[in-house]
Amino acid sequence: MSQSQAAGSIAGIWRFPVKSMKGERVCATDVTQRGMVGDRANALIDKETGKVVSAKSVRHFPDLFGYQAAYVESPQAGQELPAVRISLPDGSTVDSSADNVDRVLSDSLGRDVTLAHSAPDDFTIDMYHPDIEDADPRGRRNSTVEQKLGSAFFDEAGMDSPVARESFFDLFPVTVLTTSTLDELRRLQPKADFDERRFRMNLIIDANTGGFIENDWIEREVVIGDSVRLVVTMPDPRCIMTTLAQDELPRDNEVLRTLVQHNRLPVAGAGAFPCAGVYAVITGPGTVSVGDDVVVADAS
């Protein structure tokens, strides 16, 4: 017998027009099987290495969270994406449509980059593993390694990719986090600031129960409002990005260390990772709005 339960309501919606830059909190968004329209549609490419620029590469790009990206108009499903306005740390701005956008961003970052609208076939980043015990199941600490992401990750694994080849998603097209997980983390470590911005999730659900409730949603269906349906695929492993400073939030390794201590989960046969929230695929497109009811059900 199929079981369903009211899980709460949508409290926050985030999209990130440029990968690894700060994103924008919106009231509503169109959702297709490719993800939230306009999310991770752009990224910087390091001209020297050919790798996708990521805040996970703290050696070359330590200040990406000082850059804010927002669409000049709200993107709509089935239409060409509008330009993105990027705010730089010095307070100036540049639009993605500007002829000099690459030069402005390169000068600001101190490294030659180009703004790309499609992921390279060999989508690779440099990923820093912090010096935190058990944060990485392979034991890597204080080291940087190459990591394939997006469709390149699944190509290497010999698996069908759940994300479009041109997209800049890490692994799956949508991420979900509940307020119950954030509240549980605050209870476990009151000295750390578990602001939702640290986790860079698409959907924040104001949950009506406590604890790490998303852990029990794997392979279940999340129904949002009248039409949008997601199927939860796996826990979301967390990394150095949750610890980085942004706006008034300080750098804080306790964020990741708390997850290591209290919510390490097995992920896809690769070992136990510190997790918060879940990845999902979209099985029913539509529009998501703040305040929409959320129901979790057995997948059909």
# chains A, B, ... in the order shown; residues from 1 in each chain; ligands from 1
call {"tool": "residues_around", "arguments": {"residues": "Gly35 of chain A", "least_positions_apart": "3", "cutoff": "7 Å", "atoms": "only C-alpha atoms", "output": "ChimeraX atom specification"}}
result
/A:31-32,173-174,282
call {"tool": "residues_around", "arguments": {"residues": "Gly210 of chain A", "least_positions_apart": "5", "cutoff": "10 Å", "atoms": "only C-alpha atoms", "output": "list of chain:residue names"}}
result
A:Thr178, A:Thr179, A:Ser180, A:Thr181, A:Leu182, A:Asp183, A:Glu184
call {"tool": "write_last_selection", "arguments": {"atoms": "N, CA and C atoms", "output": "short mmCIF file (atom, residue, chain, number, x, y, z; two decimals), in the first residue's frame"}}
result
data_model
loop_
_atom_site.label_atom_id
_atom_site.label_comp_id
_atom_site.auth_asym_id
_atom_site.auth_seq_id
_atom_site.Cartn_x
_atom_site.Cartn_y
_atom_site.Cartn_z
N THR A 178 15.87 20.51 4.62
CA THR A 178 14.77 20.90 5.50
C THR A 178 15.27 21.75 6.67
N THR A 179 14.34 22.54 7.21
CA THR A 179 14.65 23.31 8.40
C THR A 179 14.90 22.40 9.59
N SER A 180 14.35 21.19 9.57
CA SER A 180 14.57 20.27 10.69
C SER A 180 16.04 19.85 10.76
N THR A 181 16.68 19.65 9.60
CA THR A 181 18.11 19.34 9.59
C THR A 181 18.92 20.51 10.12
N LEU A 182 18.59 21.72 9.68
CA LEU A 182 19.31 22.89 10.17
C LEU A 182 19.12 23.05 11.67
N ASP A 183 17.91 22.85 12.16
CA ASP A 183 17.64 22.97 13.60
C ASP A 183 18.39 21.89 14.39
N GLU A 184 18.46 20.68 13.83
CA GLU A 184 19.18 19.61 14.51
C GLU A 184 20.67 19.92 14.60
#
call {"tool": "atom_distance", "arguments": {"atom1": "atom CA of Leu149 of chain A", "atom2": "atom CA of Val52 of chain A"}}
result
9.5 Å
call {"tool": "residues_around", "arguments": {"residues": "Met36 of chain A", "least_positions_apart": "6", "cutoff": "9 Å", "atoms": "only C-alpha atoms", "output": "list in words"}}
result
Arg15, Thr29, Asp30, Ala77, Pro173, Val174 and Asn202 of chain A
call {"tool": "residues_around", "arguments": {"residues": "segment 101-105 of chain A", "least_positions_apart": "6", "cutoff": "12 Å", "atoms": "only C-alpha atoms", "output": "ChimeraX atom specification"}}
result
/A:43-47,61,64,67,83-90,92-95,111-116
call {"tool": "write_last_selection", "arguments": {"atoms": "N, CA and C atoms", "output": "short mmCIF file (atom, residue, chain, number, x, y, z; two decimals), in the first residue's frame"}}
result
data_model
loop_
_atom_site.label_atom_id
_atom_site.label_comp_id
_atom_site.auth_asym_id
_atom_site.auth_seq_id
_atom_site.Cartn_x
_atom_site.Cartn_y
_atom_site.Cartn_z
N ALA A 43 29.17 29.06 -15.88
CA ALA A 43 30.31 28.85 -14.98
C ALA A 43 31.53 29.50 -15.61
N LEU A 44 32.52 29.73 -14.79
CA LEU A 44 33.80 30.21 -15.28
C LEU A 44 34.69 29.03 -15.62
N ILE A 45 35.49 29.18 -16.67
CA ILE A 45 36.49 28.18 -17.05
C ILE A 45 37.87 28.81 -16.88
N ASP A 46 38.75 28.14 -16.19
CA ASP A 46 40.13 28.58 -16.03
C ASP A 46 40.85 28.35 -17.35
N LYS A 47 41.31 29.41 -17.98
CA LYS A 47 41.92 29.28 -19.30
C LYS A 47 43.23 28.48 -19.27
N PHE A 61 41.01 29.94 -6.26
CA PHE A 61 39.83 30.79 -6.24
C PHE A 61 39.23 30.85 -4.83
N LEU A 64 35.43 33.30 -4.31
CA LEU A 64 34.29 33.27 -5.22
C LEU A 64 32.99 33.68 -4.56
N TYR A 67 31.39 37.11 -5.01
CA TYR A 67 30.74 37.47 -6.27
C TYR A 67 29.28 37.02 -6.22
N ALA A 83 20.26 37.70 -19.60
CA ALA A 83 21.63 37.94 -19.14
C ALA A 83 21.71 37.85 -17.62
N VAL A 84 22.91 37.58 -17.15
CA VAL A 84 23.19 37.52 -15.71
C VAL A 84 24.00 38.75 -15.34
N ARG A 85 23.61 39.40 -14.25
CA ARG A 85 24.39 40.54 -13.73
C ARG A 85 25.25 40.04 -12.59
N ILE A 86 26.55 40.23 -12.70
CA ILE A 86 27.50 39.76 -11.70
C ILE A 86 28.03 40.97 -10.92
N SER A 87 27.83 40.93 -9.61
CA SER A 87 28.34 41.97 -8.72
C SER A 87 29.69 41.53 -8.17
N LEU A 88 30.70 42.37 -8.32
CA LEU A 88 32.06 42.06 -7.90
C LEU A 88 32.30 42.54 -6.47
N PRO A 89 33.34 42.03 -5.82
CA PRO A 89 33.60 42.43 -4.44
C PRO A 89 33.82 43.92 -4.25
N ASP A 90 34.29 44.61 -5.29
CA ASP A 90 34.54 46.04 -5.15
C ASP A 90 33.28 46.88 -5.34
N SER A 92 31.37 46.98 -8.10
CA SER A 92 31.04 47.18 -9.51
C SER A 92 30.27 45.97 -10.03
N THR A 93 29.67 46.11 -11.22
CA THR A 93 28.91 45.02 -11.83
C THR A 93 29.31 44.86 -13.29
N VAL A 94 29.07 43.66 -13.80
CA VAL A 94 29.26 43.39 -15.22
C VAL A 94 28.19 42.39 -15.64
N ASP A 95 27.60 42.60 -16.83
CA ASP A 95 26.60 41.68 -17.34
C ASP A 95 27.26 40.59 -18.20
N ARG A 111 43.22 35.89 -12.36
CA ARG A 111 43.50 34.66 -13.10
C ARG A 111 42.64 34.68 -14.37
N ASP A 112 43.18 34.26 -15.50
CA ASP A 112 42.45 34.33 -16.76
C ASP A 112 41.32 33.31 -16.78
N VAL A 113 40.09 33.82 -16.95
CA VAL A 113 38.91 32.98 -16.98
C VAL A 113 38.02 33.41 -18.14
N THR A 114 37.13 32.51 -18.53
CA THR A 114 36.10 32.86 -19.50
C THR A 114 34.76 32.38 -18.96
N LEU A 115 33.70 33.17 -19.20
CA LEU A 115 32.37 32.80 -18.74
C LEU A 115 31.73 31.90 -19.78
N ALA A 116 31.45 30.67 -19.40
CA ALA A 116 30.91 29.67 -20.33
C ALA A 116 29.45 29.41 -20.04
#
call {"tool": "atom_distance", "arguments": {"atom1": "atom CA of Gln189 of chain A", "atom2": "atom CA of Glu214 of chain A"}}
result
19.3 Å
call {"tool": "select_by_dssp", "arguments": {"residues": "segment 197-273 of chain A", "states": "helix (DSSP H, G or I)", "output": "PyMOL selection string"}}
result
chain A and resi 197-199+213-217+240-243+254-262
call {"tool": "atom_distance", "arguments": {"atom1": "atom CA of Met234 of chain A", "atom2": "atom CA of Leu259 of chain A"}}
result
16.1 Å
call {"tool": "closest_residue", "arguments": {"among": "A:Ser4, A:Ser96, A:Thr258, A:Thr287", "to": "Pro190 of chain A", "atoms": "only C-alpha atoms"}}
result
A:Thr258
call {"tool": "decode", "arguments": {"residues": "segment 169-270 of chain A", "atoms": "C-alpha atoms", "output": "JSON list (two decimals), in the first residue's frame"}}
result
[["chain", "number", "residue", "atom", "x", "y", "z"],
["A", 169, "PHE", "CA", 25.28, 20.59, -11.96],
["A", 170, "ASP", "CA", 27.59, 18.52, -9.77],
["A", 171, "LEU", "CA", 25.59, 15.28, -9.94],
["A", 172, "PHE", "CA", 21.80, 15.76, -9.97],
["A", 173, "PRO", "CA", 19.48, 18.54, -11.13],
["A", 174, "VAL", "CA", 17.94, 19.60, -7.81],
["A", 175, "THR", "CA", 18.84, 19.69, -4.12],
["A", 176, "VAL", "CA", 16.55, 19.74, -1.08],
["A", 177, "LEU", "CA", 17.18, 20.63, 2.57],
["A", 178, "THR", "CA", 14.77, 20.90, 5.50],
["A", 179, "THR", "CA", 14.65, 23.31, 8.40],
["A", 180, "SER", "CA", 14.57, 20.27, 10.69],
["A", 181, "THR", "CA", 18.11, 19.34, 9.59],
["A", 182, "LEU", "CA", 19.31, 22.89, 10.17],
["A", 183, "ASP", "CA", 17.64, 22.97, 13.60],
["A", 184, "GLU", "CA", 19.18, 19.61, 14.51],
["A", 185, "LEU", "CA", 22.64, 20.85, 13.57],
["A", 186, "ARG", "CA", 22.14, 23.98, 15.67],
["A", 187, "ARG", "CA", 21.11, 21.82, 18.60],
["A", 188, "LEU", "CA", 24.15, 19.60, 18.20],
["A", 189, "GLN", "CA", 26.63, 22.48, 17.87],
["A", 190, "PRO", "CA", 25.21, 25.78, 19.19],
["A", 191, "LYS", "CA", 28.49, 27.64, 18.60],
["A", 192, "ALA", "CA", 28.38, 27.21, 14.80],
["A", 193, "ASP", "CA", 26.16, 29.16, 12.40],
["A", 194, "PHE", "CA", 24.21, 26.72, 10.20],
["A", 195, "ASP", "CA", 22.75, 29.37, 7.90],
["A", 196, "GLU", "CA", 20.98, 27.87, 4.87],
["A", 197, "ARG", "CA", 23.26, 29.87, 2.55],
["A", 198, "ARG", "CA", 26.21, 27.66, 3.51],
["A", 199, "PHE", "CA", 24.56, 24.65, 1.86],
["A", 200, "ARG", "CA", 23.62, 26.19, -1.53],
["A", 201, "MET", "CA", 20.41, 24.17, -1.86],
["A", 202, "ASN", "CA", 17.62, 24.78, -4.36],
["A", 203, "LEU", "CA", 14.68, 24.09, -2.07],
["A", 204, "ILE", "CA", 14.37, 24.71, 1.66],
["A", 205, "ILE", "CA", 11.41, 22.92, 3.22],
["A", 206, "ASP", "CA", 9.90, 24.20, 6.45],
["A", 207, "ALA", "CA", 9.44, 20.75, 7.97],
["A", 208, "ASN", "CA", 6.82, 19.72, 10.51],
["A", 209, "THR", "CA", 8.99, 17.09, 12.27],
["A", 210, "GLY", "CA", 12.49, 17.05, 13.72],
["A", 211, "GLY", "CA", 15.87, 15.47, 13.07],
["A", 212, "PHE", "CA", 17.65, 14.58, 9.82],
["A", 213, "ILE", "CA", 14.36, 13.63, 8.20],
["A", 214, "GLU", "CA", 15.62, 13.73, 4.60],
["A", 215, "ASN", "CA", 17.72, 10.64, 5.35],
["A", 216, "ASP", "CA", 14.48, 8.65, 5.20],
["A", 217, "TRP", "CA", 13.39, 10.08, 1.84],
["A", 218, "ILE", "CA", 15.81, 8.16, -0.39],
["A", 219, "GLU", "CA", 13.95, 6.60, -3.35],
["A", 220, "ARG", "CA", 10.74, 8.30, -2.25],
["A", 221, "GLU", "CA", 8.73, 10.93, -4.12],
["A", 222, "VAL", "CA", 8.44, 14.56, -3.04],
["A", 223, "VAL", "CA", 5.27, 16.23, -4.31],
["A", 224, "ILE", "CA", 5.27, 20.04, -4.31],
["A", 225, "GLY", "CA", 2.08, 22.03, -4.84],
["A", 226, "ASP", "CA", -0.21, 20.89, -7.64],
["A", 227, "SER", "CA", 2.24, 19.47, -10.17],
["A", 228, "VAL", "CA", 5.94, 19.33, -9.35],
["A", 229, "ARG", "CA", 7.26, 15.89, -8.46],
["A", 230, "LEU", "CA", 10.77, 14.86, -7.46],
["A", 231, "VAL", "CA", 12.28, 11.48, -6.74],
["A", 232, "VAL", "CA", 15.02, 11.58, -4.11],
["A", 233, "THR", "CA", 18.13, 9.75, -5.32],
["A", 234, "MET", "CA", 20.78, 9.96, -2.60],
["A", 235, "PRO", "CA", 22.05, 11.97, 0.37],
["A", 236, "ASP", "CA", 24.00, 15.11, -0.48],
["A", 237, "PRO", "CA", 27.67, 14.73, 0.58],
["A", 238, "ARG", "CA", 29.10, 17.96, 1.96],
["A", 239, "CYS", "CA", 32.53, 19.50, 1.41],
["A", 240, "ILE", "CA", 34.74, 22.50, 2.13],
["A", 241, "MET", "CA", 32.14, 24.90, 0.66],
["A", 242, "THR", "CA", 29.93, 24.64, 3.74],
["A", 243, "THR", "CA", 32.75, 26.09, 5.84],
["A", 244, "LEU", "CA", 33.69, 29.10, 3.70],
["A", 245, "ALA", "CA", 33.02, 32.70, 4.64],
["A", 246, "GLN", "CA", 30.36, 34.67, 2.80],
["A", 247, "ASP", "CA", 28.77, 38.01, 3.60],
["A", 248, "GLU", "CA", 28.64, 38.19, 7.41],
["A", 249, "LEU", "CA", 29.17, 34.44, 7.87],
["A", 250, "PRO", "CA", 32.71, 33.62, 9.03],
["A", 251, "ARG", "CA", 34.79, 30.67, 7.91],
["A", 252, "ASP", "CA", 33.88, 27.82, 10.25],
["A", 253, "ASN", "CA", 35.17, 24.24, 10.04],
["A", 254, "GLU", "CA", 32.73, 23.27, 12.81],
["A", 255, "VAL", "CA", 29.95, 23.19, 10.22],
["A", 256, "LEU", "CA", 31.54, 20.27, 8.38],
["A", 257, "ARG", "CA", 32.97, 18.70, 11.53],
["A", 258, "THR", "CA", 29.48, 18.52, 13.08],
["A", 259, "LEU", "CA", 28.19, 16.65, 10.03],
["A", 260, "VAL", "CA", 31.14, 14.26, 10.24],
["A", 261, "GLN", "CA", 30.32, 13.53, 13.87],
["A", 262, "HIS", "CA", 26.54, 13.23, 13.56],
["A", 263, "ASN", "CA", 25.40, 12.50, 10.00],
["A", 264, "ARG", "CA", 27.88, 10.39, 8.05],
["A", 265, "LEU", "CA", 25.97, 8.27, 5.57],
["A", 266, "PRO", "CA", 26.91, 5.61, 3.00],
["A", 267, "VAL", "CA", 26.74, 7.10, -0.50],
["A", 268, "ALA", "CA", 26.60, 5.02, -3.69],
["A", 269, "GLY", "CA", 29.04, 2.40, -2.44],
["A", 270, "ALA", "CA", 31.82, 4.98, -2.12]]
